[in-house]
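Next comes coords-v3.txt, with compact mmCIF, C-alpha atoms.
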# COMPACT_ATOMS: atom_id res chain seq x y z
CA MET A 292 81.91 134.25 96.37
CA LEU A 293 80.94 136.91 98.75
CA ARG A 294 81.24 135.53 102.27
CA VAL A 295 79.98 137.49 105.21
CA ARG A 296 79.81 134.03 106.80
CA CYS A 297 77.65 132.62 107.31
CA LEU A 298 70.18 124.55 101.57
CA ARG A 299 67.24 122.50 98.83
CA GLY A 300 65.24 119.17 98.00
CA GLY A 301 61.67 119.03 97.30
CA SER A 302 59.63 116.00 96.85
CA ARG A 303 55.96 115.55 96.17
CA GLY A 304 53.50 117.54 98.34
CA ALA A 305 52.70 115.60 101.47
CA GLU A 306 55.92 113.58 101.20
CA ALA A 307 57.97 116.78 101.29
CA ALA A 308 56.10 118.14 104.27
CA HIS A 309 56.46 114.83 106.12
CA TYR A 310 60.15 114.45 105.20
CA ILE A 311 61.23 117.85 106.34
CA GLY A 312 58.91 117.95 109.32
CA SER A 313 60.18 114.64 110.63
CA ARG A 314 63.81 114.96 109.63
CA LEU A 315 64.46 118.59 110.46
CA GLY A 316 61.99 119.03 113.27
CA ARG A 317 61.46 122.59 112.15
CA VAL A 318 58.19 124.42 112.43
CA PHE A 319 57.83 126.56 109.34
CA THR A 320 55.70 129.62 109.00
CA GLY A 321 52.24 129.39 107.50
CA TRP A 322 53.53 130.77 104.25
CA VAL A 323 56.22 128.14 103.97
CA GLN A 324 53.78 125.36 104.92
CA ARG A 325 51.43 126.45 102.17
CA SER A 326 54.29 126.59 99.70
CA PHE A 327 55.27 123.02 100.50
CA GLN A 328 51.72 121.88 99.86
CA SER A 329 51.96 123.40 96.40
CA THR A 330 54.48 120.79 95.34
CA GLN A 331 51.70 118.69 93.83
CA ALA A 332 51.32 121.40 91.23
CA ALA A 333 55.04 121.52 90.45
CA THR A 334 56.07 119.65 87.32
CA ALA A 335 59.29 117.74 86.92
CA SER A 336 61.94 119.66 85.02
CA GLN A 337 62.59 118.17 81.57
CA ASN A 338 66.00 117.18 80.25
CA THR A 339 67.40 115.97 76.99
CA CYS A 340 67.96 112.32 77.81
CA THR A 341 65.64 109.33 77.60
CA ALA A 342 63.55 108.02 80.48
CA ASP A 343 65.86 105.03 80.89
CA ASP A 344 68.89 107.33 81.07
CA LYS A 345 67.13 109.50 83.63
CA ALA A 346 66.66 106.58 85.97
CA THR A 347 70.40 106.09 86.34
CA ASN A 348 72.11 109.31 85.29
CA PRO A 349 70.10 112.27 83.95
CA VAL A 350 73.08 113.90 82.25
CA PRO A 351 73.49 113.40 78.48
CA LYS A 352 76.55 111.30 77.72
CA ASP A 353 78.75 113.97 76.13
CA CYS A 354 77.55 116.98 78.15
CA PRO A 355 80.49 119.04 79.48
CA VAL A 356 78.45 120.07 82.53
CA CYS A 357 77.87 117.47 85.25
CA SER A 358 78.13 118.02 88.99
CA TYR A 359 75.97 116.65 91.81
CA ASN A 360 77.91 117.39 94.97
CA GLU A 361 80.90 119.16 96.45
CA TRP A 362 83.42 116.30 96.50
CA ASP A 363 83.39 114.04 93.42
CA PRO A 364 86.64 114.24 91.37
CA LEU A 365 86.87 117.76 89.94
CA GLU A 366 87.46 117.94 86.17
CA GLU A 367 86.46 121.48 85.15
CA VAL A 368 85.94 124.67 87.10
CA ILE A 369 85.25 128.37 86.61
CA VAL A 370 87.58 130.61 88.61
CA GLY A 371 86.63 134.24 89.18
CA ARG A 372 88.49 137.47 88.40
CA ALA A 373 89.57 140.30 90.65
CA GLU A 374 90.30 142.58 87.70
CA ASN A 375 88.44 145.92 87.83
CA ALA A 376 86.73 145.02 91.11
CA CYS A 377 84.80 147.99 92.55
CA VAL A 378 83.51 148.80 96.00
CA PRO A 379 79.70 148.58 95.92
CA PRO A 380 77.72 151.72 96.78
CA PHE A 381 76.74 151.85 100.45
CA SER A 382 73.06 150.95 100.02
CA VAL A 383 70.85 149.41 102.70
CA GLU A 384 71.47 145.81 101.60
CA VAL A 385 75.24 146.37 101.64
CA LYS A 386 75.12 147.94 105.08
CA ALA A 387 73.18 144.94 106.43
CA ASN A 388 75.86 142.53 105.18
CA THR A 389 79.06 144.28 106.22
CA TYR A 390 80.87 145.02 109.46
CA GLU A 391 80.44 148.37 111.15
CA LYS A 392 84.19 149.01 111.16
CA TYR A 393 84.14 149.07 107.33
CA TRP A 394 81.09 151.29 106.85
CA SER A 395 83.23 154.41 106.43
CA PHE A 396 85.25 152.57 103.76
CA TYR A 397 82.07 151.93 101.76
CA GLN A 398 80.81 155.45 102.27
CA LYS A 399 84.08 156.88 100.98
CA PHE A 400 84.93 154.50 98.15
CA GLY A 401 81.55 153.16 96.97
CA GLY A 402 81.52 153.07 93.16
CA GLN A 403 85.33 153.25 92.99
CA SER A 404 88.03 150.62 92.65
CA PHE A 405 89.19 148.58 95.60
CA PRO A 406 92.75 149.62 96.58
CA LYS A 407 94.87 149.09 93.46
CA ASP A 408 97.87 147.55 95.20
CA HIS A 409 95.65 145.10 97.06
CA LEU A 410 93.86 144.12 93.83
CA LYS A 411 97.18 143.54 92.10
CA LYS A 412 98.20 141.06 94.80
CA ALA A 413 94.81 139.35 94.73
CA ILE A 414 95.01 138.95 90.94
CA ALA A 415 98.45 137.34 91.24
CA GLU A 416 97.21 134.95 93.95
CA ILE A 417 94.27 133.80 91.85
CA GLU A 418 96.48 133.31 88.80
CA GLU A 419 98.71 131.04 90.87
CA MET A 420 95.64 129.21 92.16
CA CYS A 421 94.59 128.59 88.53
CA ASN A 422 98.05 127.28 87.70
CA ILE A 423 97.94 124.86 90.63
CA LEU A 424 94.47 123.62 89.62
CA LYS A 425 95.76 122.97 86.11
CA ARG A 426 98.72 121.05 87.48
CA GLU A 427 96.25 118.93 89.45
CA GLY A 428 94.57 117.99 86.15
CA VAL A 429 91.62 120.41 86.33
CA THR A 430 90.42 122.42 83.31
CA VAL A 431 90.10 126.08 84.30
CA LYS A 432 87.77 128.62 82.67
CA ARG A 433 87.56 132.34 83.49
CA PRO A 434 84.80 134.95 83.15
CA ASP A 435 85.29 137.97 80.90
CA PRO A 436 86.89 141.13 82.31
CA ILE A 437 84.36 143.98 82.56
CA ASP A 438 84.55 147.61 83.64
CA TRP A 439 82.49 147.47 86.82
CA SER A 440 82.76 151.22 87.50
CA VAL A 441 80.20 152.05 84.79
CA LYS A 442 77.02 153.47 86.29
CA TYR A 443 73.74 151.89 85.17
CA LYS A 444 70.09 152.71 85.69
CA THR A 445 66.88 150.68 85.66
CA PRO A 446 63.35 152.03 86.21
CA ASP A 447 63.82 151.20 89.91
CA PHE A 448 67.38 152.09 90.91
CA GLU A 449 70.82 153.33 89.95
CA SER A 450 74.14 151.67 90.80
CA THR A 451 77.62 150.77 89.71
CA GLY A 452 78.84 147.17 89.50
CA MET A 453 81.10 145.14 91.75
CA TYR A 454 83.08 142.25 90.23
CA ALA A 455 83.07 138.73 88.75
CA ALA A 456 85.29 137.36 91.49
CA MET A 457 82.91 134.85 93.05
CA PRO A 458 81.22 132.55 90.49
CA ARG A 459 79.83 130.44 93.36
CA ASP A 460 77.59 133.39 94.23
CA ILE A 461 75.85 133.57 90.88
CA LEU A 462 76.06 130.08 89.33
CA LEU A 463 74.71 126.79 90.67
CA VAL A 464 75.34 123.55 88.77
CA VAL A 465 72.82 120.76 89.40
CA GLY A 466 73.47 117.74 87.21
CA ASN A 467 73.78 119.04 83.64
CA GLU A 468 72.01 122.31 84.41
CA ILE A 469 73.58 125.70 85.05
CA ILE A 470 71.28 127.94 87.07
CA GLU A 471 71.93 131.69 87.08
CA ALA A 472 70.95 133.16 90.42
CA PRO A 473 68.96 136.43 90.38
CA MET A 474 71.12 137.97 93.15
CA ALA A 475 69.98 140.49 95.76
CA TRP A 476 72.51 143.33 95.72
CA ARG A 477 71.88 146.12 93.23
CA ALA A 478 75.62 146.32 92.59
CA ARG A 479 75.46 142.70 91.33
CA PHE A 480 72.42 143.07 89.05
CA PHE A 481 74.45 142.76 85.83
CA GLU A 482 77.17 140.44 87.13
CA TYR A 483 75.87 137.61 84.91
CA ARG A 484 77.27 139.42 81.85
CA ALA A 485 80.81 138.30 82.70
CA TYR A 486 79.77 134.62 82.47
CA ARG A 487 77.50 134.67 79.42
CA ARG A 488 80.21 133.67 76.92
CA LEU A 489 81.07 130.61 78.99
CA ILE A 490 77.47 129.63 79.61
CA LYS A 491 76.59 129.91 75.91
CA ASP A 492 79.50 127.61 75.12
CA TYR A 493 78.26 125.06 77.66
CA PHE A 494 74.70 125.38 76.34
CA ASN A 495 75.83 124.84 72.75
CA ALA A 496 77.67 121.71 73.94
CA GLY A 497 74.50 120.22 75.47
CA ALA A 498 74.07 121.71 78.95
CA LYS A 499 70.77 123.00 80.28
CA TRP A 500 70.71 126.71 81.04
CA THR A 501 68.21 128.30 83.39
CA THR A 502 68.01 131.91 84.51
CA ALA A 503 65.96 132.46 87.65
CA PRO A 504 63.45 135.35 87.58
CA LYS A 505 65.34 138.61 87.75
CA PRO A 506 64.07 140.78 90.62
CA THR A 507 63.33 144.42 89.98
CA MET A 508 65.33 145.26 93.11
CA ALA A 509 62.86 148.05 93.75
CA ASP A 510 62.78 149.67 97.17
CA ASP A 511 60.07 147.23 98.28
CA LEU A 512 62.55 144.32 98.15
CA TYR A 513 64.45 145.83 101.07
CA ASP A 514 63.52 146.89 104.57
CA GLN A 515 64.64 150.48 104.19
CA ASP A 516 64.61 150.95 107.97
CA TYR A 517 66.45 147.74 108.82
CA PRO A 518 67.64 148.68 112.31
CA ILE A 519 71.27 147.53 112.41
CA ARG A 520 73.39 149.54 114.79
CA SER A 521 75.43 146.89 116.62
CA VAL A 522 76.33 143.21 116.78
CA GLU A 523 73.61 142.84 119.42
CA ASP A 524 71.10 144.20 116.92
CA ARG A 525 72.21 141.61 114.37
CA HIS A 526 71.78 138.72 116.81
CA LYS A 527 68.36 139.94 117.91
CA LEU A 528 67.07 140.42 114.36
CA ALA A 529 68.43 137.06 113.19
CA ALA A 530 66.81 135.29 116.15
CA GLN A 531 63.50 136.92 115.18
CA GLY A 532 63.90 135.79 111.56
CA LYS A 533 64.12 139.36 110.29
CA PHE A 534 66.30 140.18 107.29
CA VAL A 535 67.05 143.18 105.12
CA THR A 536 65.41 141.48 102.13
CA THR A 537 61.62 141.16 102.17
CA GLU A 538 59.30 138.72 100.40
CA PHE A 539 58.34 141.31 97.76
CA GLU A 540 59.75 139.12 94.96
CA PRO A 541 62.05 136.08 94.71
CA CYS A 542 65.74 136.64 95.25
CA PHE A 543 68.66 134.39 96.08
CA ASP A 544 72.40 134.02 95.73
CA ALA A 545 73.56 130.59 94.54
CA ALA A 546 76.08 130.55 97.39
CA ASP A 547 73.31 130.01 99.93
CA PHE A 548 72.80 126.49 98.49
CA ILE A 549 75.09 123.51 99.03
CA ARG A 550 74.70 120.12 97.33
CA ALA A 551 74.73 116.53 98.54
CA GLY A 552 73.34 114.56 95.61
CA ARG A 553 69.54 114.44 95.67
CA ASP A 554 69.50 116.60 98.80
CA ILE A 555 70.33 120.28 98.51
CA PHE A 556 70.44 122.53 101.57
CA VAL A 557 69.72 126.25 101.73
CA GLN A 558 69.50 128.97 104.34
CA ARG A 559 67.20 131.96 104.47
CA SER A 560 69.69 134.82 104.60
CA GLN A 561 70.14 138.52 103.99
CA VAL A 562 70.29 137.80 100.23
CA THR A 563 68.08 134.70 99.87
CA ASN A 564 64.39 134.95 100.74
CA TYR A 565 61.70 132.27 101.10
CA MET A 566 60.23 133.11 97.70
CA GLY A 567 63.62 132.44 96.12
CA ILE A 568 63.93 129.15 98.00
CA GLU A 569 60.43 128.13 96.92
CA TRP A 570 61.23 128.94 93.29
CA MET A 571 64.26 126.66 93.46
CA ARG A 572 62.33 123.91 95.24
CA ARG A 573 59.59 123.84 92.60
CA HIS A 574 62.10 124.08 89.77
CA LEU A 575 64.14 121.11 90.96
CA ALA A 576 61.30 118.84 92.15
CA PRO A 577 60.86 115.91 92.06
CA ASP A 578 64.44 114.84 91.26
CA TYR A 579 65.97 116.89 94.08
CA ARG A 580 64.87 117.71 97.63
CA VAL A 581 65.51 121.23 98.87
CA HIS A 582 65.81 121.59 102.65
CA THR A 583 65.87 124.88 104.53
CA ILE A 584 68.22 124.86 107.51
CA SER A 585 69.29 127.65 109.83
CA PHE A 586 72.10 128.69 112.12
CA LYS A 587 72.81 130.79 115.15
CA ASP A 588 74.25 133.49 112.92
CA PRO A 589 73.83 137.22 113.47
CA ASN A 590 74.34 137.96 109.77
CA PRO A 591 73.65 134.98 107.49
CA MET A 592 74.87 135.39 103.95
CA HIS A 593 76.21 132.44 101.95
CA ILE A 594 76.37 129.05 103.57
CA ASP A 595 79.83 127.66 102.84
CA ALA A 596 81.77 129.48 105.54
CA THR A 597 79.19 128.22 108.03
CA PHE A 598 78.28 124.75 106.79
CA ASN A 599 80.54 123.17 104.17
CA ILE A 600 79.76 119.62 103.01
CA ILE A 601 83.09 118.08 102.02
CA GLY A 602 82.33 114.40 101.45
CA PRO A 603 79.67 111.69 101.58
CA GLY A 604 78.61 111.79 105.21
CA LEU A 605 81.13 114.49 106.17
CA VAL A 606 80.42 118.15 106.92
CA LEU A 607 82.35 121.06 108.42
CA SER A 608 80.11 122.94 110.86
CA ASN A 609 81.21 126.34 112.13
CA PRO A 610 81.42 126.19 115.96
CA ASP A 611 80.54 129.88 116.23
CA ARG A 612 77.34 129.38 114.19
CA PRO A 613 75.84 126.03 115.18
CA CYS A 614 73.21 124.48 112.92
CA HIS A 615 69.74 124.23 114.46
CA GLN A 616 68.99 121.05 112.48
CA ILE A 617 72.30 119.25 113.02
CA GLU A 618 70.50 116.14 114.36
CA LEU A 619 69.27 115.48 110.82
CA PHE A 620 72.83 114.81 109.78
CA LYS A 621 73.84 112.93 112.90
CA LYS A 622 70.82 110.61 112.68
CA ALA A 623 71.73 109.88 109.06
CA GLY A 624 75.17 108.74 110.25
CA TRP A 625 77.09 111.80 109.12
CA THR A 626 80.32 112.92 110.78
CA VAL A 627 80.12 116.55 111.88
CA VAL A 628 83.54 118.20 112.15
CA ARG A 629 84.15 121.47 114.01
CA PRO A 630 86.96 123.32 112.23
CA PRO A 631 89.62 125.08 114.31
CA VAL A 632 89.71 128.79 115.00
CA PRO A 633 91.01 130.73 111.95
CA LEU A 634 94.56 132.09 112.12
CA ILE A 635 94.12 135.18 109.92
CA PRO A 636 95.40 138.28 111.77
CA ASP A 637 92.99 140.90 113.11
CA ASP A 638 94.62 143.67 111.10
CA HIS A 639 94.13 141.99 107.71
CA PRO A 640 91.29 143.72 105.82
CA LEU A 641 88.22 141.56 105.30
CA TRP A 642 85.83 144.08 103.79
CA MET A 643 83.04 141.61 103.07
CA SER A 644 83.71 138.46 105.04
CA SER A 645 84.69 136.90 108.34
CA LYS A 646 87.81 135.00 109.29
CA TRP A 647 85.89 131.75 108.83
CA LEU A 648 86.91 131.73 105.17
CA SER A 649 89.46 129.29 106.60
CA MET A 650 86.77 126.56 106.25
CA ASN A 651 85.72 127.77 102.79
CA VAL A 652 87.75 125.08 101.04
CA LEU A 653 87.51 123.42 97.63
CA MET A 654 87.46 119.63 97.43
CA LEU A 655 89.30 118.28 94.38
CA ASP A 656 88.03 114.84 95.34
CA GLU A 657 87.29 112.98 98.58
CA LYS A 658 90.99 112.79 99.44
CA ARG A 659 92.34 116.14 98.17
CA VAL A 660 91.44 119.62 99.34
CA MET A 661 92.63 123.11 98.42
CA VAL A 662 93.24 124.99 101.66
CA ASP A 663 94.84 128.28 102.68
CA ALA A 664 98.63 127.97 103.02
CA ASN A 665 98.54 130.11 106.17
CA GLU A 666 95.88 128.06 108.00
CA THR A 667 98.13 125.37 109.48
CA SER A 668 95.57 124.22 112.08
CA THR A 669 92.96 123.69 109.34
CA GLN A 670 95.54 121.76 107.32
CA LYS A 671 96.18 119.51 110.32
CA MET A 672 92.44 118.91 110.71
CA PHE A 673 92.21 117.63 107.13
CA GLU A 674 95.31 115.48 107.51
CA ASN A 675 93.75 113.88 110.60
CA LEU A 676 90.72 113.10 108.41
CA GLY A 677 92.99 111.36 105.88
CA ILE A 678 92.66 114.17 103.31
CA SER A 679 95.73 115.53 101.52
CA THR A 680 96.04 119.32 101.49
CA ILE A 681 96.97 121.46 98.49
CA LYS A 682 98.23 124.65 100.05
CA VAL A 683 97.64 127.96 98.26
CA ASN A 684 97.94 131.51 99.56
CA ILE A 685 94.94 133.71 98.65
CA ARG A 686 95.03 136.00 101.66
CA HIS A 687 94.58 139.20 99.61
CA ALA A 688 91.88 137.54 97.51
CA ASN A 689 90.09 136.71 100.77
CA SER A 690 89.64 140.43 101.36
CA LEU A 691 87.23 140.64 98.43
CA GLY A 692 84.84 138.33 100.21
CA GLY A 693 85.65 134.71 99.49
CA GLY A 694 87.75 131.59 99.98
CA PHE A 695 88.47 128.76 97.54
CA HIS A 696 84.86 127.57 97.36
CA CYS A 697 83.65 131.12 96.71
CA TRP A 698 86.20 131.86 94.01
CA THR A 699 85.16 128.78 92.03
CA CYS A 700 82.14 127.08 90.49
CA ASP A 701 82.67 123.42 89.68
CA ILE A 702 81.33 122.70 86.19
CA ARG A 703 82.15 119.01 85.96
CA ARG A 704 82.83 116.41 88.60
CA ARG A 705 83.21 112.71 87.76
CA GLY A 706 80.31 111.03 89.53
CA THR A 707 76.65 110.05 89.42
CA LEU A 708 73.50 111.20 91.17
CA GLN A 709 73.20 109.53 94.58
CA SER A 710 71.09 109.90 97.71
CA TYR A 711 72.96 110.24 100.99
CA PHE A 712 69.95 110.46 103.33
CA ASP A 713 67.59 107.64 102.26
Same coordinates, now as structure tokens:
Amino acid sequence: MLRVRCLRGGSRGAEAAHYIGSRLGRVFTGWVQRSFQSTQAATASQNTCTADDKATNPVPKDCPVCSYNEWDPLEEVIVGRAENACVPPFSVEVKANTYEKYWSFYQKFGGQSFPKDHLKKAIAEIEEMCNILKREGVTVKRPDPIDWSVKYKTPDFESTGMYAAMPRDILLVVGNEIIEAPMAWRARFFEYRAYRRLIKDYFNAGAKWTTAPKPTMADDLYDQDYPIRSVEDRHKLAAQGKFVTTEFEPCFDAADFIRAGRDIFVQRSQVTNYMGIEWMRRHLAPDYRVHTISFKDPNPMHIDATFNIIGPGLVLSNPDRPCHQIELFKKAGWTVVRPPVPLIPDDHPLWMSSKWLSMNVLMLDEKRVMVDANETSTQKMFENLGISTIKVNIRHANSLGGGFHCWTCDIRRRGTLQSYFD
């Protein structure tokens, strides 16, 4: 999933406002306050099981899709592809989410393939990662290969594609439902096509399938004059709550959400706006509560290299991007772990991410984690937590914008719906 570094719930009207106001201590804008009050008008999403089943486990018995959190025993997963990956055109939303030192790379190679030799190594790394997952007893599915260099045109914009490398960016599994995110980058508008075969198979086997409203991605969705010139600019704009995406229409990447049973957390970021968060909150109410949290992050985009929930009552919190609502977790008895400084060298290309992909890990269960083979200090951290490490090298795959959590979307984990905050 694309990681430049850098949550959900919803309950009934006044209860939601009281819950988040008291638990997060966050003062929301008038727009957000009004949107929370609208919960009374939101209807519960329907599913295919009986009312009695819903009270204990809302997933149909034989449904192949079932996942409520980030740590229950992993049984089936989608792993992305690096094949045919293309550099996105250097549009305003791409500029706002990438490092200045790589801007010339985007300007020169936008619409073309990422370096062929680098892609070849990334493909081999991900193939080995798939083999290791299979040896650990996990069923692995892959998206279809697509030519992402083909130019496309809508009534509002023209672009080429990017890749299907990061299923976590576009797919969110909540219970037996697969939700397709609308995305926010024009280069990712048609990315869902690579996953449609898989999703149709899951749907035909009993899963729910929801596609969020597709944004037009017209010019009005973006602040065309977003004034990024330096890191200082990024910090200032983030502190002011200003982002390259506007509230013109809903947009979000699935990777800005992270799950903990009935409580799902989301950040407002460069690719996820408040309208997108509100759409998700209404859609999932009243069974799930969507909470918006924030970080001291100059360029928020995707939450799992900033705040990665790895177990019941256990979260990795990036020390460089502290969470403003961390007391919510501490008061609930959660253990907050600060991961060590990443070891990735400065000269390794990270075109769309930060070094903190070191904490972007994939939990196979509460006691097993897939972690970068080069990040020995992160391995030691997990071992001190009593978690066994499965070491895999995806250093070249990291360059495309994601770690293990990004490169995967868990389809089925063996577990039931629980609440970890009540």
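Among the candidates A:Gln709, A:Gln558, A:Arg686, A:Glu366, the one nearest to Pro636 in chain A when counting only C-alpha atoms is A:Arg686.
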For the contact check between range 348-389 of chain A and range 453-464 of chain A, emit one row per residue of range 348-389 of chain A within 10 Å, containing the shortest atom pair and the distance in Å rounded to one decimal, counting only C-alpha atoms, chain then rising number order, as JSON lines.
{"residue": "A:Val356", "atom": "CA", "partner": "A:Val464", "partner_atom": "CA", "distance": 7.8}
{"residue": "A:Cys357", "atom": "CA", "partner": "A:Val464", "partner_atom": "CA", "distance": 7.5}
{"residue": "A:Ser358", "atom": "CA", "partner": "A:Val464", "partner_atom": "CA", "distance": 6.2}
{"residue": "A:Tyr359", "atom": "CA", "partner": "A:Val464", "partner_atom": "CA", "distance": 7.6}
{"residue": "A:Asn360", "atom": "CA", "partner": "A:Val464", "partner_atom": "CA", "distance": 9.1}
{"residue": "A:Val368", "atom": "CA", "partner": "A:Pro458", "partner_atom": "CA", "distance": 9.8}
{"residue": "A:Ile369", "atom": "CA", "partner": "A:Pro458", "partner_atom": "CA", "distance": 7.0}
{"residue": "A:Val370", "atom": "CA", "partner": "A:Pro458", "partner_atom": "CA", "distance": 6.9}
{"residue": "A:Gly371", "atom": "CA", "partner": "A:Ala456", "partner_atom": "CA", "distance": 4.1}
{"residue": "A:Arg372", "atom": "CA", "partner": "A:Ala456", "partner_atom": "CA", "distance": 4.4}
{"residue": "A:Ala373", "atom": "CA", "partner": "A:Ala456", "partner_atom": "CA", "distance": 5.3}
{"residue": "A:Glu374", "atom": "CA", "partner": "A:Tyr454", "partner_atom": "CA", "distance": 7.7}
{"residue": "A:Asn375", "atom": "CA", "partner": "A:Tyr454", "partner_atom": "CA", "distance": 6.9}
{"residue": "A:Ala376", "atom": "CA", "partner": "A:Tyr454", "partner_atom": "CA", "distance": 4.7}
{"residue": "A:Cys377", "atom": "CA", "partner": "A:Met453", "partner_atom": "CA", "distance": 4.7}
{"residue": "A:Val378", "atom": "CA", "partner": "A:Met453", "partner_atom": "CA", "distance": 6.1}
{"residue": "A:Pro379", "atom": "CA", "partner": "A:Met453", "partner_atom": "CA", "distance": 5.6}
{"residue": "A:Pro380", "atom": "CA", "partner": "A:Met453", "partner_atom": "CA", "distance": 8.9}
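Rounded to one decimal, CA of Pro610 in chain A and CA of Ile568 in chain A lie 25.2 Å from each other.
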Exercise for review: Counting all atoms listed in the file, write as a list in words all protein and nucleic acid residues lying at most 8 Å from (74.0, 119.9, 96.4) in the file's frame.
Suggested key: Leu298, Arg299, Tyr359, Asn360, Glu361, Val465, Phe548, Ile549, Arg550, Ala551, Gly552, Arg553, Asp554, Ile555 and Phe556 of chain A
Check your understanding: CA of His582 in chain A and CA of Gln561 in chain A, how far apart in Å?
Key -> 17.5 Å
Check your understanding: In Å, how far is it from CA of Leu575 in chain A to CA of Cys542 in chain A?
Key ->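 That distance, rounded to one decimal, is 16.2 Å.
Of the listed residues (A:Arg426, A:Lys352, A:Lys682, A:Arg484), A:Lys682 comes nearest to Val660 in chain A; the distances count only C-alpha atoms.
Within 7 Å of the point (89.6, 146.2, 95.1), counting all atoms listed in the file, the protein and nucleic acid residues come to Ala376, Cys377, Val378, Ser404, Phe405, Pro406, Lys407, His409, Leu410 and Leu691 of chain A.
Comparing the minimum interatomic distances between Met654 in chain A and each of A:Ile423, A:Ile600, A:Ile617, A:Ala472, counting only C-alpha atoms, we find that A:Ile600 sits nearest.
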Got a sec: who's within 12 Å of Val557 in chain A, counting all atoms listed in the file, leaving out chain neighbours fewer than 3 positions off, as a PDB file with C-alpha atoms, in the coordinates of the input?
ATOM      1  CA  CYS A 297      77.650 132.620 107.310  1.00  0.00           C
ATOM      2  CA  LEU A 298      70.180 124.550 101.570  1.00  0.00           C
ATOM      3  CA  ARG A 299      67.240 122.500  98.830  1.00  0.00           C
ATOM      4  CA  GLY A 300      65.240 119.170  98.000  1.00  0.00           C
ATOM      5  CA  GLY A 301      61.670 119.030  97.300  1.00  0.00           C
ATOM      6  CA  PHE A 543      68.660 134.390  96.080  1.00  0.00           C
ATOM      7  CA  ASP A 544      72.400 134.020  95.730  1.00  0.00           C
ATOM      8  CA  ALA A 545      73.560 130.590  94.540  1.00  0.00           C
ATOM      9  CA  ALA A 546      76.080 130.550  97.390  1.00  0.00           C
ATOM     10  CA  ASP A 547      73.310 130.010  99.930  1.00  0.00           C
ATOM     11  CA  PHE A 548      72.800 126.490  98.490  1.00  0.00           C
ATOM     12  CA  ILE A 549      75.090 123.510  99.030  1.00  0.00           C
ATOM     13  CA  ARG A 550      74.700 120.120  97.330  1.00  0.00           C
ATOM     14  CA  ALA A 551      74.730 116.530  98.540  1.00  0.00           C
ATOM     15  CA  ASP A 554      69.500 116.600  98.800  1.00  0.00           C
ATOM     16  CA  SER A 560      69.690 134.820 104.600  1.00  0.00           C
ATOM     17  CA  VAL A 562      70.290 137.800 100.230  1.00  0.00           C
ATOM     18  CA  THR A 563      68.080 134.700  99.870  1.00  0.00           C
ATOM     19  CA  ASN A 564      64.390 134.950 100.740  1.00  0.00           C
ATOM     20  CA  TYR A 565      61.700 132.270 101.100  1.00  0.00           C
ATOM     21  CA  GLY A 567      63.620 132.440  96.120  1.00  0.00           C
ATOM     22  CA  ILE A 568      63.930 129.150  98.000  1.00  0.00           C
ATOM     23  CA  GLU A 569      60.430 128.130  96.920  1.00  0.00           C
ATOM     24  CA  MET A 571      64.260 126.660  93.460  1.00  0.00           C
ATOM     25  CA  ARG A 572      62.330 123.910  95.240  1.00  0.00           C
ATOM     26  CA  ARG A 580      64.870 117.710  97.630  1.00  0.00           C
ATOM     27  CA  VAL A 581      65.510 121.230  98.870  1.00  0.00           C
ATOM     28  CA  HIS A 582      65.810 121.590 102.650  1.00  0.00           C
ATOM     29  CA  THR A 583      65.870 124.880 104.530  1.00  0.00           C
ATOM     30  CA  ILE A 584      68.220 124.860 107.510  1.00  0.00           C
ATOM     31  CA  SER A 585      69.290 127.650 109.830  1.00  0.00           C
ATOM     32  CA  PHE A 586      72.100 128.690 112.120  1.00  0.00           C
ATOM     33  CA  PRO A 591      73.650 134.980 107.490  1.00  0.00           C
ATOM     34  CA  MET A 592      74.870 135.390 103.950  1.00  0.00           C
ATOM     35  CA  HIS A 593      76.210 132.440 101.950  1.00  0.00           C
ATOM     36  CA  ILE A 594      76.370 129.050 103.570  1.00  0.00           C
ATOM     37  CA  ASP A 595      79.830 127.660 102.840  1.00  0.00           C
ATOM     38  CA  THR A 597      79.190 128.220 108.030  1.00  0.00           C
ATOM     39  CA  PHE A 598      78.280 124.750 106.790  1.00  0.00           C
ATOM     40  CA  ASN A 599      80.540 123.170 104.170  1.00  0.00           C
ATOM     41  CA  CYS A 614      73.210 124.480 112.920  1.00  0.00           C
ATOM     42  CA  GLN A 616      68.990 121.050 112.480  1.00  0.00           C
TER      43      GLN A 616
END
Spatial neighbours of Gln398 in chain A, max dist 9 Å, all atoms listed in the file, sep filter under 3 positions, as a PDB file with C-alpha atoms, in the coordinates of the input:
ATOM      1  CA  PRO A 380      77.720 151.720  96.780  1.00  0.00           C
ATOM      2  CA  PHE A 381      76.740 151.850 100.450  1.00  0.00           C
ATOM      3  CA  TYR A 393      84.140 149.070 107.330  1.00  0.00           C
ATOM      4  CA  TRP A 394      81.090 151.290 106.850  1.00  0.00           C
ATOM      5  CA  SER A 395      83.230 154.410 106.430  1.00  0.00           C
ATOM      6  CA  GLY A 401      81.550 153.160  96.970  1.00  0.00           C
TER       7      GLY A 401
END
Exercise for review: Would you kindly return, as a ChimeraX atom specification, each protein, DNA or RNA residue with an atom no farther than 8 Å from any atom of Val627 in chain A, considering all atoms listed in the file and excluding same-chain residues fewer than 2 positions away?
Suggested key: /A:605-608,620-621,625,629
